[in-house]
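Inspection log for the structure reproduced underneath, given as structure tokens.
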Amino acid sequence: MKSNLRVLTAQKSQHERRRISLRTVAEETGITRYAIYALAKNELREFPKEVLEKLCNYFNCTVGDLLLTEESEATHE
């Protein structure tokens, strides 16, 4: 599994025409900065349901958009 968090953040920034950093994502979702940065760096070993739900709501996406398998990552390129 690989996180697509940075890509989703960049897309949301462009769509909303404002700078959205990982810190902004943490503040606006209520998820700890540690969890956001760990997810962005692909360092999380577990993906808490609450974190995934908040991020999917924030980015208006599915879990499959947020977390990519190696197979799905190849099709996104």
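Letters for chains follow the order of the structure tokens (A, B, ...), residue numbers begin at 1 for each chain, and ligand numbers begin at 1 in the order shown.
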
Could you list, with a cut-off of 9 Å and counting only C-alpha atoms, the residues of stretch 13-37 of chain A near stretch 53-68 of chain A, each shown with its nearest atom pair and the distance in Å rounded to one decimal, rows sorted by chain and ascending number, as JSON lines?
{"residue": "A:Val25", "atom": "CA", "partner": "A:Tyr58", "partner_atom": "CA", "distance": 8.2}
{"residue": "A:Glu28", "atom": "CA", "partner": "A:Tyr58", "partner_atom": "CA", "distance": 8.3}
{"residue": "A:Thr29", "atom": "CA", "partner": "A:Lys54", "partner_atom": "CA", "distance": 6.2}
{"residue": "A:Gly30", "atom": "CA", "partner": "A:Lys54", "partner_atom": "CA", "distance": 8.3}
{"residue": "A:Ile31", "atom": "CA", "partner": "A:Lys54", "partner_atom": "CA", "distance": 8.0}

May I have the residues from that selection written out with all heavy atoms, as a CSV table (one decimal), in the first residue's frame?
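Writing done, so here's part-v5.csv:
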chain,number,residue,atom,x,y,z
A,25,VAL,N,-4.1,20.1,6.3
A,25,VAL,CA,-4.9,19.0,6.3
A,25,VAL,C,-5.2,18.5,7.7
A,25,VAL,O,-6.3,18.2,8.1
A,25,VAL,CB,-4.3,17.8,5.4
A,25,VAL,CG1,-5.1,16.5,5.6
A,25,VAL,CG2,-4.2,18.3,4.0
A,28,GLU,N,-7.5,21.0,9.6
A,28,GLU,CA,-8.9,21.0,9.1
A,28,GLU,C,-9.6,19.7,9.3
A,28,GLU,O,-10.8,19.6,9.2
A,28,GLU,CB,-8.9,21.4,7.6
A,28,GLU,CG,-8.5,22.9,7.5
A,28,GLU,CD,-8.5,23.4,6.1
A,28,GLU,OE1,-8.8,22.7,5.1
A,28,GLU,OE2,-8.3,24.6,5.9
A,29,THR,N,-8.9,18.6,9.5
A,29,THR,CA,-9.5,17.3,9.7
A,29,THR,C,-9.5,16.9,11.2
A,29,THR,O,-10.3,16.0,11.5
A,29,THR,CB,-8.8,16.2,8.9
A,29,THR,OG1,-7.5,16.1,9.3
A,29,THR,CG2,-8.9,16.4,7.4
A,30,GLY,N,-8.7,17.5,12.0
A,30,GLY,CA,-8.6,17.1,13.4
A,30,GLY,C,-7.7,15.8,13.6
A,30,GLY,O,-7.7,15.3,14.7
A,31,ILE,N,-7.0,15.4,12.5
A,31,ILE,CA,-6.1,14.3,12.6
A,31,ILE,C,-4.7,14.9,13.1
A,31,ILE,O,-4.3,15.9,12.6
A,31,ILE,CB,-6.0,13.6,11.2
A,31,ILE,CG1,-7.3,13.1,10.8
A,31,ILE,CG2,-5.0,12.5,11.3
A,31,ILE,CD1,-7.4,12.6,9.3

Original post:
Which of stretch 6-73 of chain A counts as alpha helix (DSSP H) under DSSP, as a VMD selection string please?
Top reply: chain A and resid 6 to 16 22 to 29 33 to 40 49 to 59 63 to 66 70 to 73

**OP:** From a DSSP pass on the backbone, collect the residues of chain A flagged as strand (DSSP E) and hand them back as a list in words.
**Re:**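 Of chain A, only Lys2, Ser3, Leu67 and Leu68 of chain A fall in strand (DSSP E).
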
Kindly export the residues of the current selection with N, CA, C and O atoms, as a PDB file, in the first residue's frame.
ATOM      1  N   LYS A   2       0.445   2.200  -0.782  1.00  0.00           N
ATOM      2  CA  LYS A   2       1.149   3.468  -0.846  1.00  0.00           C
ATOM      3  C   LYS A   2       0.133   4.604  -0.735  1.00  0.00           C
ATOM      4  O   LYS A   2      -0.926   4.562  -1.348  1.00  0.00           O
ATOM      5  N   SER A   3       0.486   5.594   0.043  1.00  0.00           N
ATOM      6  CA  SER A   3      -0.390   6.742   0.250  1.00  0.00           C
ATOM      7  C   SER A   3      -0.378   7.668  -0.962  1.00  0.00           C
ATOM      8  O   SER A   3       0.670   7.942  -1.541  1.00  0.00           O
ATOM      9  N   LEU A  67      -5.392   5.312  -0.767  1.00  0.00           N
ATOM     10  CA  LEU A  67      -4.370   4.275  -0.617  1.00  0.00           C
ATOM     11  C   LEU A  67      -4.296   3.457  -1.901  1.00  0.00           C
ATOM     12  O   LEU A  67      -5.298   2.913  -2.344  1.00  0.00           O
ATOM     13  N   LEU A  68      -3.135   3.399  -2.465  1.00  0.00           N
ATOM     14  CA  LEU A  68      -2.951   2.690  -3.722  1.00  0.00           C
ATOM     15  C   LEU A  68      -2.137   1.422  -3.506  1.00  0.00           C
ATOM     16  O   LEU A  68      -1.176   1.420  -2.749  1.00  0.00           O
TER      17      LEU A  68
END

**OP:** For A:Leu44, please output as number ranges by chain all residues within 12 Å (counting only C-alpha atoms; exclusion window: fewer than 6 positions along the same chain).
**Re:** A: 1-3, 34-38, 51, 67

**OP:** Rounded to one decimal place, report the atom CA of A:Ser21-atom CA of A:Leu52 distance in Å.
**Re:** 17.8 Å

Original post:
Restricting the calculation to only C-alpha atoms, which member of A:Leu22, A:Glu27, A:Thr69, A:Arg17 is positioned closest to A:Ala40?
Top reply: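 Smallest distance to A:Ala40 is found for A:Leu22.
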
**OP:** Using only C-alpha atoms, find the one residue out of A:Ile20, A:Leu5, A:Ala10, A:Ala26 that sits nearest to A:Asn42.
**Re:**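 Ranking A:Ile20, A:Leu5, A:Ala10, A:Ala26 by distance to A:Asn42, first place goes to A:Leu5.
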
Subject >> Straight-line distance linking atom CA of A:Gln11 with atom CA of A:Lys41, stated in Å to one decimal >> reply: 17.7 Å

Original post:
Quick one, how far is atom CA of A:Arg33 from atom CA of A:His15?
Top reply: 22.8 Å
